[in-house]
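Okay, input-v4.txt is below, compact mmCIF, C-alpha atoms:
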```txt
# COMPACT_ATOMS: atom_id res chain seq x y z
CA MET A 2 -8.93 -20.28 77.23
CA ILE A 3 -10.66 -18.06 79.81
CA SER A 4 -8.43 -15.83 81.90
CA ARG A 5 -8.78 -15.43 85.64
CA SER A 6 -9.77 -11.77 85.24
CA MET A 7 -12.52 -12.76 82.80
CA LEU A 8 -13.86 -15.37 85.22
CA GLY A 9 -13.76 -12.76 87.98
CA GLY A 10 -15.75 -10.36 85.83
CA VAL A 11 -18.36 -13.01 85.10
CA TRP A 12 -18.67 -13.81 88.82
CA ARG A 13 -19.10 -10.13 89.73
CA TYR A 14 -21.87 -9.82 87.15
CA ARG A 15 -23.60 -13.09 88.06
CA GLY A 16 -26.64 -11.08 89.14
CA PHE A 17 -26.81 -9.48 85.70
CA ILE A 18 -26.59 -12.92 84.06
CA ALA A 19 -29.27 -14.46 86.29
CA GLY A 20 -31.54 -11.46 85.82
CA SER A 21 -31.13 -11.55 82.04
CA VAL A 22 -32.03 -15.25 81.93
CA ARG A 23 -35.09 -14.67 84.13
CA ARG A 24 -36.27 -11.62 82.14
CA GLU A 25 -35.95 -13.40 78.82
CA PHE A 26 -37.86 -16.40 80.10
CA GLN A 27 -40.65 -14.17 81.44
CA ALA A 28 -40.78 -12.01 78.29
CA LYS A 29 -41.22 -15.11 76.14
CA TYR A 30 -44.68 -15.72 77.60
CA ARG A 31 -45.72 -12.21 78.57
CA ASN A 32 -49.27 -11.21 77.60
CA SER A 33 -50.32 -14.84 77.08
CA LEU A 34 -53.23 -16.25 79.06
CA LEU A 35 -51.47 -19.47 80.01
CA GLY A 36 -48.09 -17.84 80.62
CA ALA A 37 -45.29 -20.20 81.55
CA ALA A 38 -47.63 -23.18 81.09
CA TRP A 39 -46.70 -23.01 77.41
CA THR A 40 -43.22 -24.21 78.34
CA VAL A 41 -44.88 -27.50 79.23
CA LEU A 42 -47.69 -27.61 76.67
CA ASN A 43 -45.52 -27.05 73.59
CA PRO A 44 -43.01 -29.86 74.22
CA LEU A 45 -45.79 -32.10 75.54
CA ALA A 46 -47.72 -31.68 72.29
CA MET A 47 -44.59 -32.47 70.29
CA ILE A 48 -43.88 -35.64 72.26
CA VAL A 49 -47.51 -36.76 71.84
CA VAL A 50 -47.35 -36.19 68.08
CA TYR A 51 -44.10 -38.13 67.78
CA THR A 52 -45.47 -40.92 69.92
CA VAL A 53 -48.95 -41.32 68.43
CA ILE A 54 -48.20 -40.63 64.77
CA PHE A 55 -44.58 -41.54 64.10
CA SER A 56 -44.52 -44.63 66.29
CA GLN A 57 -47.34 -46.05 64.17
CA VAL A 58 -46.02 -44.87 60.79
CA MET A 59 -42.30 -45.58 61.25
CA GLY A 60 -42.18 -48.01 64.16
CA ASN A 61 -41.66 -51.07 62.02
CA ARG A 62 -39.03 -49.38 59.86
CA LEU A 63 -36.49 -48.76 62.61
CA PRO A 64 -33.79 -51.45 62.43
CA GLY A 65 -33.08 -52.93 65.83
CA GLY A 66 -35.92 -50.99 67.41
CA THR A 67 -38.22 -52.95 69.65
CA GLY A 68 -41.38 -51.84 71.34
CA GLN A 69 -44.30 -49.69 70.37
CA PHE A 70 -42.49 -46.42 71.08
CA ALA A 71 -39.08 -47.28 69.60
CA TYR A 72 -39.20 -44.79 66.75
CA SER A 73 -40.68 -41.97 68.84
CA ILE A 74 -37.86 -42.43 71.39
CA TYR A 75 -35.30 -42.51 68.57
CA LEU A 76 -36.80 -39.36 67.07
CA CYS A 77 -37.10 -37.44 70.34
CA ALA A 78 -33.53 -38.35 71.33
CA GLY A 79 -32.28 -36.73 68.14
CA VAL A 80 -34.71 -33.83 67.74
CA LEU A 81 -34.57 -32.58 71.33
CA THR A 82 -30.79 -32.61 71.56
CA TRP A 83 -30.40 -31.15 68.07
CA GLY A 84 -32.76 -28.38 69.15
CA LEU A 85 -30.36 -27.46 71.96
CA PHE A 86 -27.45 -27.29 69.52
CA ALA A 87 -29.46 -25.23 67.02
CA GLU A 88 -30.70 -22.79 69.67
CA ILE A 89 -27.24 -22.10 71.09
CA THR A 90 -25.60 -21.61 67.70
CA THR A 91 -28.35 -19.60 65.99
CA ARG A 92 -28.83 -17.30 68.96
CA GLY A 93 -25.10 -17.14 69.62
CA GLN A 94 -24.32 -15.93 66.12
CA ASN A 95 -26.54 -12.88 66.65
CA VAL A 96 -25.97 -12.27 70.36
CA PHE A 97 -23.71 -9.23 69.91
CA LEU A 98 -25.84 -7.73 67.13
CA GLU A 99 -29.07 -8.12 69.12
CA ASN A 100 -27.51 -6.49 72.18
CA ALA A 101 -25.75 -3.66 70.33
CA ASN A 102 -27.50 -0.92 72.33
CA LEU A 103 -26.68 -2.63 75.60
CA ILE A 104 -23.02 -3.01 74.61
CA LYS A 105 -22.75 0.66 73.66
CA LYS A 106 -24.48 2.07 76.73
CA LEU A 107 -23.23 -0.13 79.57
CA GLN A 108 -19.84 -1.29 80.76
CA PHE A 109 -19.90 -5.00 81.60
CA PRO A 110 -17.97 -8.11 80.56
CA ARG A 111 -19.19 -8.85 77.02
CA ILE A 112 -18.64 -12.56 77.63
CA CYS A 113 -21.75 -12.44 79.83
CA LEU A 114 -23.95 -12.27 76.72
CA PRO A 115 -22.99 -15.69 75.27
CA ILE A 116 -23.34 -17.15 78.76
CA VAL A 117 -26.90 -15.82 78.95
CA VAL A 118 -27.67 -17.44 75.59
CA VAL A 119 -26.36 -20.82 76.75
CA LEU A 120 -28.19 -20.68 80.08
CA ASN A 121 -31.47 -19.76 78.39
CA ALA A 122 -31.09 -22.63 75.97
CA LEU A 123 -30.34 -25.03 78.84
CA VAL A 124 -33.44 -23.88 80.76
CA ASN A 125 -35.63 -24.55 77.73
CA PHE A 126 -33.93 -27.88 77.13
CA ALA A 127 -34.27 -28.94 80.76
CA ILE A 128 -38.03 -28.39 80.67
CA ILE A 129 -38.70 -30.29 77.46
CA PHE A 130 -36.20 -33.07 78.18
CA GLY A 131 -37.58 -33.47 81.67
CA LEU A 132 -40.98 -34.21 80.15
CA PHE A 133 -39.36 -36.70 77.80
CA LEU A 134 -37.79 -38.50 80.77
CA VAL A 135 -41.21 -38.69 82.42
CA PHE A 136 -42.49 -40.29 79.22
CA LEU A 137 -39.65 -42.84 79.25
CA VAL A 138 -40.36 -43.78 82.85
CA ALA A 139 -44.12 -43.96 82.28
CA THR A 140 -43.73 -46.28 79.29
CA GLY A 141 -41.11 -48.47 80.99
CA ALA A 142 -38.48 -47.44 78.45
CA PHE A 143 -36.06 -45.67 80.81
CA PRO A 144 -32.55 -46.97 79.97
CA GLY A 145 -31.40 -47.48 83.56
CA TRP A 146 -27.84 -46.84 84.78
CA SER A 147 -26.59 -46.33 81.23
CA PHE A 148 -28.46 -43.01 81.30
CA LEU A 149 -25.54 -41.57 83.30
CA ALA A 150 -23.52 -41.67 80.07
CA PHE A 151 -25.92 -39.01 78.79
CA LEU A 152 -24.21 -36.35 80.92
CA PRO A 153 -20.68 -36.46 79.40
CA VAL A 154 -22.19 -36.60 75.90
CA LEU A 155 -24.27 -33.53 76.75
CA ALA A 156 -21.16 -31.77 78.08
CA ILE A 157 -19.33 -32.46 74.80
CA GLN A 158 -22.26 -31.14 72.79
CA ILE A 159 -22.56 -27.97 74.88
CA LEU A 160 -18.82 -27.30 74.59
CA PHE A 161 -18.98 -27.79 70.82
CA SER A 162 -22.05 -25.55 70.55
CA ILE A 163 -20.49 -22.78 72.66
CA GLY A 164 -17.26 -22.81 70.69
CA LEU A 165 -19.04 -22.65 67.34
CA ALA A 166 -21.44 -19.96 68.59
CA MET A 167 -18.57 -17.78 69.84
CA VAL A 168 -16.74 -17.98 66.52
CA LEU A 169 -19.92 -17.23 64.57
CA GLY A 170 -20.95 -14.44 66.94
CA VAL A 171 -17.69 -12.51 66.57
CA LEU A 172 -17.40 -13.05 62.81
CA ASN A 173 -21.02 -12.05 62.25
CA VAL A 174 -20.34 -8.61 63.71
CA PHE A 175 -17.78 -7.88 61.00
CA PHE A 176 -19.20 -10.00 58.17
CA ARG A 177 -23.00 -10.08 58.30
CA ASP A 178 -23.17 -12.75 55.59
CA VAL A 179 -21.84 -15.25 58.13
CA GLY A 180 -25.16 -15.40 59.96
CA GLN A 181 -27.16 -15.75 56.75
CA PHE A 182 -24.89 -18.49 55.48
CA PHE A 183 -25.00 -20.47 58.72
CA THR A 184 -28.80 -20.34 58.84
CA ILE A 185 -28.90 -22.05 55.45
CA LEU A 186 -26.09 -24.44 56.38
CA LEU A 187 -27.92 -25.51 59.54
CA GLN A 188 -30.87 -26.76 57.49
CA PHE A 189 -28.64 -28.96 55.35
CA TRP A 190 -26.69 -30.02 58.45
CA PHE A 191 -29.87 -31.27 60.11
CA TRP A 192 -30.73 -33.55 57.21
CA PHE A 193 -27.14 -34.76 56.96
CA THR A 194 -27.43 -35.92 60.59
CA PRO A 195 -29.29 -39.18 61.43
CA VAL A 196 -32.02 -37.50 63.48
CA VAL A 197 -35.21 -38.57 61.71
CA TYR A 198 -33.78 -41.54 59.82
CA PRO A 199 -31.48 -44.42 60.79
CA ILE A 200 -28.05 -44.63 59.20
CA THR A 201 -29.11 -47.82 57.43
CA ALA A 202 -31.55 -45.73 55.39
CA LEU A 203 -28.58 -44.10 53.63
CA PRO A 204 -26.92 -45.70 50.62
CA VAL A 205 -23.79 -47.57 51.69
CA GLU A 206 -21.50 -45.25 49.74
CA PHE A 207 -22.78 -42.22 51.66
CA ARG A 208 -22.53 -43.61 55.20
CA SER A 209 -18.78 -42.99 55.45
CA TRP A 210 -19.41 -39.29 54.86
CA LEU A 211 -21.03 -39.04 58.30
CA ALA A 212 -17.54 -39.29 59.78
CA TRP A 213 -17.11 -35.66 58.68
CA ASN A 214 -20.24 -34.59 60.56
CA PRO A 215 -19.33 -33.86 64.21
CA MET A 216 -22.98 -33.90 65.31
CA ALA A 217 -23.61 -37.36 63.84
CA SER A 218 -21.60 -39.17 66.51
CA VAL A 219 -23.21 -37.06 69.25
CA VAL A 220 -26.77 -37.76 68.10
CA GLN A 221 -26.01 -41.46 67.63
CA ALA A 222 -24.66 -41.60 71.18
CA TYR A 223 -27.88 -40.12 72.54
CA GLN A 224 -30.01 -42.51 70.52
CA GLY A 225 -28.00 -45.52 71.65
CA ILE A 226 -28.32 -44.52 75.31
CA LEU A 227 -32.01 -43.62 75.31
CA LEU A 228 -33.33 -46.24 72.90
CA ARG A 229 -31.19 -49.30 73.57
CA GLY A 230 -29.56 -48.49 76.90
CA GLU A 231 -26.12 -48.80 75.28
CA LEU A 232 -23.02 -46.92 76.37
CA PRO A 233 -21.59 -44.69 73.64
CA HIS A 234 -18.58 -45.68 71.59
CA TRP A 235 -16.36 -43.15 73.29
CA GLN A 236 -13.72 -43.30 70.57
CA SER A 237 -16.26 -41.99 68.07
CA LEU A 238 -16.68 -38.89 70.26
CA ILE A 239 -12.97 -38.02 70.35
CA PRO A 240 -12.99 -36.01 67.07
CA VAL A 241 -15.94 -33.84 68.12
CA SER A 242 -14.41 -33.36 71.58
CA VAL A 243 -11.12 -32.16 70.09
CA LEU A 244 -12.99 -29.92 67.66
CA ALA A 245 -15.04 -28.49 70.54
CA VAL A 246 -11.90 -27.52 72.48
CA LEU A 247 -10.33 -25.98 69.37
CA LEU A 248 -13.47 -23.97 68.58
CA CYS A 249 -13.67 -22.70 72.16
CA ALA A 250 -10.01 -21.65 72.04
CA LEU A 251 -10.51 -19.95 68.66
CA GLY A 252 -13.71 -18.27 69.80
CA MET A 253 -12.09 -16.84 72.93
CA GLN A 254 -9.05 -15.70 70.94
CA LEU A 255 -11.26 -13.89 68.42
CA PHE A 256 -13.33 -12.39 71.23
CA ARG A 257 -10.33 -11.05 73.14
CA LYS A 258 -8.73 -9.55 70.02
CA ARG A 259 -11.89 -8.04 68.53
CA ALA A 260 -13.96 -7.08 71.58
CA GLY A 261 -12.90 -3.45 71.35
CA GLU A 262 -13.49 -3.21 67.60
CA MET A 263 -16.95 -4.73 67.89
CA VAL A 264 -18.32 -1.59 69.54
CA ASP A 265 -17.38 0.48 66.48
CA GLU A 266 -18.86 -2.08 64.08
CA LEU A 267 -22.11 -2.25 66.00
```

Rewrite the structure of this file - the entire thing - as structure tokens.
Amino acid sequence: MISRSMLGGVWRYRGFIAGSVRREFQAKYRNSLLGAAWTVLNPLAMIVVYTVIFSQVMGNRLPGGTGQFAYSIYLCAGVLTWGLFAEITTRGQNVFLENANLIKKLQFPRICLPIVVVLNALVNFAIIFGLFLVFLVATGAFPGWSFLAFLPVLAIQILFSIGLAMVLGVLNVFFRDVGQFFTILLQFWFWFTPVVYPITALPVEFRSWLAWNPMASVVQAYQGILLRGELPHWQSLIPVSVLAVLLCALGMQLFRKRAGEMVDEL
């Protein structure tokens, strides 16, 4: 999917990528009194809200959930990982448009821009998810060795997110409605994914529809690992894994064919 020359170009511009990630992180909190402390305070406040409020309101309504913090763990497992997916795709769809001036003025491998988006999203995710892990350990809810299964599930999700973001990013340069449409679609997609509700809350006739939602199996895998310490049903992740590879291949194909034309469209 990625040629050797493209990989070589990315490696030569690794300083540009690292600098872009660092500058964006610093710019996010520039001119604020607390600065980078907000990277901790914001997710910490969210985890506290989920824990204090939702664990009391919904705790007894989570089938199979045991413990005072069962629902808050279920909710955080879905919301935090969905947030990573949403950040990569929404920022990826606009990455070439937002960097139009940079693309026109400088010569550098354009593939560096999506990589910067992914790395920025992973930095943000690492901070907030790290706090969530501290919460799991502090409450005695850490899943143990089964947590290692989290890593391949995360890899599948990132691959799927990158592939979709690349396709959207290239198409959005030529058809600006793509970005608008996906923003609306993402809202419906969130509520069609069992993030804030268990699957049992859906009518029986609608549950089979989740098989068409690639993020449903990913989110369920996270929730099973973090809430119940269960290994994922790996077979359920095969469709999204295949789709992720296909999207990455399609995204790179579109990028290679249209990279030159994008400059004129921008």

Got a sec: who's within 10 Å of range 8-23 of chain A, counting only C-alpha atoms, leaving out chain neighbours fewer than 6 positions off, as a list in words?
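Answer for this query is Phe109, Pro110, Arg111, Ile112, Cys113, Leu114, Pro115, Ile116, Val117, Val118, Val119, Leu120, Asn121, Ala122 and Val124 of chain A.
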
Produce the centre coordinates and the three edge lengths, each in Å to one decimal, of the box along x, y and z that contains all listed atoms of range 70-88 of chain A with 6 Å added on each side, as lines of an AutoDock Vina configuration file.
```
center_x = -35.0
center_y = -35.0
center_z = 69.4
size_x = 27.0
size_y = 36.5
size_z = 17.2
```

Could you check how far CA of Gln221 in chain A sits from CA of Tyr75 in chain A, in Å to one decimal?
9.4 Å

Find the residue from A:Thr140, A:Asn125, A:Gln236, A:Thr194 that sits nearest to Asn214 in chain A; use only C-alpha atoms when measuring.
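Among the listed residues, A:Thr194 lies closest to Asn214 in chain A.
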
With all atoms listed in the file counted and 12 Å as the cut-off, give the residues of range 184-240 of chain A in contact with range 151-166 of chain A, each with its shortest interatomic distance in Å and the pair that gives it, as CSV.
```
residue,atom,partner,partner_atom,distance
A:Pro215,CA,A:Phe161,CA,9.0
A:Met216,CA,A:Gln158,CA,8.0
A:Ala217,CA,A:Gln158,CA,11.0
A:Ser218,CA,A:Val154,CA,9.8
A:Val219,CA,A:Val154,CA,6.7
A:Val220,CA,A:Val154,CA,9.1
A:Gln221,CA,A:Val154,CA,10.3
A:Ala222,CA,A:Val154,CA,7.3
A:Tyr223,CA,A:Phe151,CA,6.6
A:Gln224,CA,A:Phe151,CA,9.9
A:Gly225,CA,A:Phe151,CA,9.9
A:Ile226,CA,A:Phe151,CA,6.9
A:Leu227,CA,A:Phe151,CA,8.4
A:Leu228,CA,A:Phe151,CA,11.9
A:Gly230,CA,A:Phe151,CA,10.3
A:Glu231,CA,A:Phe151,CA,10.4
A:Leu232,CA,A:Phe151,CA,8.8
A:Pro233,CA,A:Val154,CA,8.4
A:His234,CA,A:Val154,CA,10.7
A:Trp235,CA,A:Val154,CA,9.1
A:Ser237,CA,A:Val154,CA,11.2
A:Leu238,CA,A:Val154,CA,8.2
A:Ile239,CA,A:Ile157,CA,9.5
A:Pro240,CA,A:Ile157,CA,10.6
```

Can you work out the spacing between CA of Ala212 in chain A and CA of Phe189 in chain A in Å, to one decimal?
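That distance, rounded to one decimal, is 15.8 Å.
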
Nearest to Val171 in chain A by atom-to-atom distance, counting only C-alpha atoms, from A:Val49, A:Leu137, A:Leu103, A:Ala260
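Among the listed residues, A:Ala260 lies closest to Val171 in chain A.
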
Given all atoms listed in the file as the basis, pick out the residue of A:Arg229, A:Val197, A:Leu248, A:Gly79 nearest to Gly145 in chain A.
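Checking each of A:Arg229, A:Val197, A:Leu248, A:Gly79 against Gly145 in chain A, counting all atoms listed in the file, the winner is A:Arg229.
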
Please report the interatomic distance between CA of Ile128 in chain A and CA of Ala87 in chain A in Å with one decimal.
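CA of Ala87 in chain A lies 16.4 Å from CA of Ile128 in chain A.
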
Please rebuild range 163-186 of chain A with N, CA, C and O atoms and return the result as a CSV table (one decimal), in the coordinates of the input.
```
chain,number,residue,atom,x,y,z
A,163,ILE,N,-21.0,-24.1,72.2
A,163,ILE,CA,-20.5,-22.8,72.7
A,163,ILE,C,-19.3,-22.3,71.8
A,163,ILE,O,-19.3,-21.1,71.4
A,164,GLY,N,-18.4,-23.2,71.5
A,164,GLY,CA,-17.3,-22.8,70.7
A,164,GLY,C,-17.7,-22.3,69.3
A,164,GLY,O,-17.2,-21.3,68.9
A,165,LEU,N,-18.6,-23.1,68.7
A,165,LEU,CA,-19.0,-22.6,67.3
A,165,LEU,C,-19.8,-21.3,67.4
A,165,LEU,O,-19.7,-20.5,66.6
A,166,ALA,N,-20.6,-21.2,68.4
A,166,ALA,CA,-21.4,-20.0,68.6
A,166,ALA,C,-20.5,-18.7,68.8
A,166,ALA,O,-20.8,-17.7,68.3
A,167,MET,N,-19.5,-18.9,69.6
A,167,MET,CA,-18.6,-17.8,69.8
A,167,MET,C,-17.9,-17.3,68.6
A,167,MET,O,-17.8,-16.1,68.3
A,168,VAL,N,-17.4,-18.3,67.8
A,168,VAL,CA,-16.7,-18.0,66.5
A,168,VAL,C,-17.7,-17.3,65.6
A,168,VAL,O,-17.4,-16.2,65.0
A,169,LEU,N,-18.9,-17.8,65.4
A,169,LEU,CA,-19.9,-17.2,64.6
A,169,LEU,C,-20.3,-15.9,65.1
A,169,LEU,O,-20.5,-14.9,64.3
A,170,GLY,N,-20.5,-15.7,66.4
A,170,GLY,CA,-21.0,-14.4,66.9
A,170,GLY,C,-20.0,-13.3,66.7
A,170,GLY,O,-20.4,-12.2,66.3
A,171,VAL,N,-18.7,-13.6,66.8
A,171,VAL,CA,-17.7,-12.5,66.6
A,171,VAL,C,-17.6,-12.2,65.1
A,171,VAL,O,-17.6,-11.1,64.7
A,172,LEU,N,-17.5,-13.3,64.3
A,172,LEU,CA,-17.4,-13.0,62.8
A,172,LEU,C,-18.6,-12.3,62.2
A,172,LEU,O,-18.5,-11.5,61.3
A,173,ASN,N,-19.8,-12.6,62.8
A,173,ASN,CA,-21.0,-12.0,62.2
A,173,ASN,C,-21.1,-10.5,62.5
A,173,ASN,O,-21.8,-9.8,61.8
A,174,VAL,N,-20.4,-10.1,63.5
A,174,VAL,CA,-20.3,-8.6,63.7
A,174,VAL,C,-19.6,-7.9,62.6
A,174,VAL,O,-20.1,-6.8,62.1
A,175,PHE,N,-18.6,-8.5,62.1
A,175,PHE,CA,-17.8,-7.9,61.0
A,175,PHE,C,-18.2,-8.3,59.6
A,175,PHE,O,-18.0,-7.6,58.6
A,176,PHE,N,-18.8,-9.5,59.5
A,176,PHE,CA,-19.2,-10.0,58.2
A,176,PHE,C,-20.6,-10.5,58.3
A,176,PHE,O,-20.8,-11.7,58.7
A,177,ARG,N,-21.6,-9.7,58.0
A,177,ARG,CA,-23.0,-10.1,58.3
A,177,ARG,C,-23.5,-11.3,57.5
A,177,ARG,O,-24.5,-11.9,57.8
A,178,ASP,N,-22.8,-11.6,56.4
A,178,ASP,CA,-23.2,-12.8,55.6
A,178,ASP,C,-23.0,-14.1,56.3
A,178,ASP,O,-23.6,-15.1,56.0
A,179,VAL,N,-22.1,-14.0,57.4
A,179,VAL,CA,-21.8,-15.2,58.1
A,179,VAL,C,-23.1,-15.8,58.7
A,179,VAL,O,-23.4,-17.0,58.7
A,180,GLY,N,-23.9,-15.0,59.3
A,180,GLY,CA,-25.2,-15.4,60.0
A,180,GLY,C,-26.1,-16.0,58.9
A,180,GLY,O,-26.8,-17.0,59.2
A,181,GLN,N,-26.3,-15.3,57.8
A,181,GLN,CA,-27.2,-15.8,56.8
A,181,GLN,C,-26.7,-17.1,56.2
A,181,GLN,O,-27.5,-18.0,56.0
A,182,PHE,N,-25.4,-17.2,56.0
A,182,PHE,CA,-24.9,-18.5,55.5
A,182,PHE,C,-25.1,-19.6,56.5
A,182,PHE,O,-25.5,-20.7,56.1
A,183,PHE,N,-24.9,-19.4,57.7
A,183,PHE,CA,-25.0,-20.5,58.7
A,183,PHE,C,-26.4,-20.9,58.9
A,183,PHE,O,-26.7,-22.1,59.1
A,184,THR,N,-27.4,-20.0,58.8
A,184,THR,CA,-28.8,-20.3,58.8
A,184,THR,C,-29.2,-21.3,57.8
A,184,THR,O,-29.9,-22.3,58.0
A,185,ILE,N,-28.6,-21.1,56.5
A,185,ILE,CA,-28.9,-22.0,55.4
A,185,ILE,C,-28.2,-23.4,55.7
A,185,ILE,O,-28.7,-24.5,55.5
A,186,LEU,N,-26.9,-23.2,56.1
A,186,LEU,CA,-26.1,-24.4,56.4
A,186,LEU,C,-26.7,-25.3,57.4
A,186,LEU,O,-26.7,-26.6,57.3
```
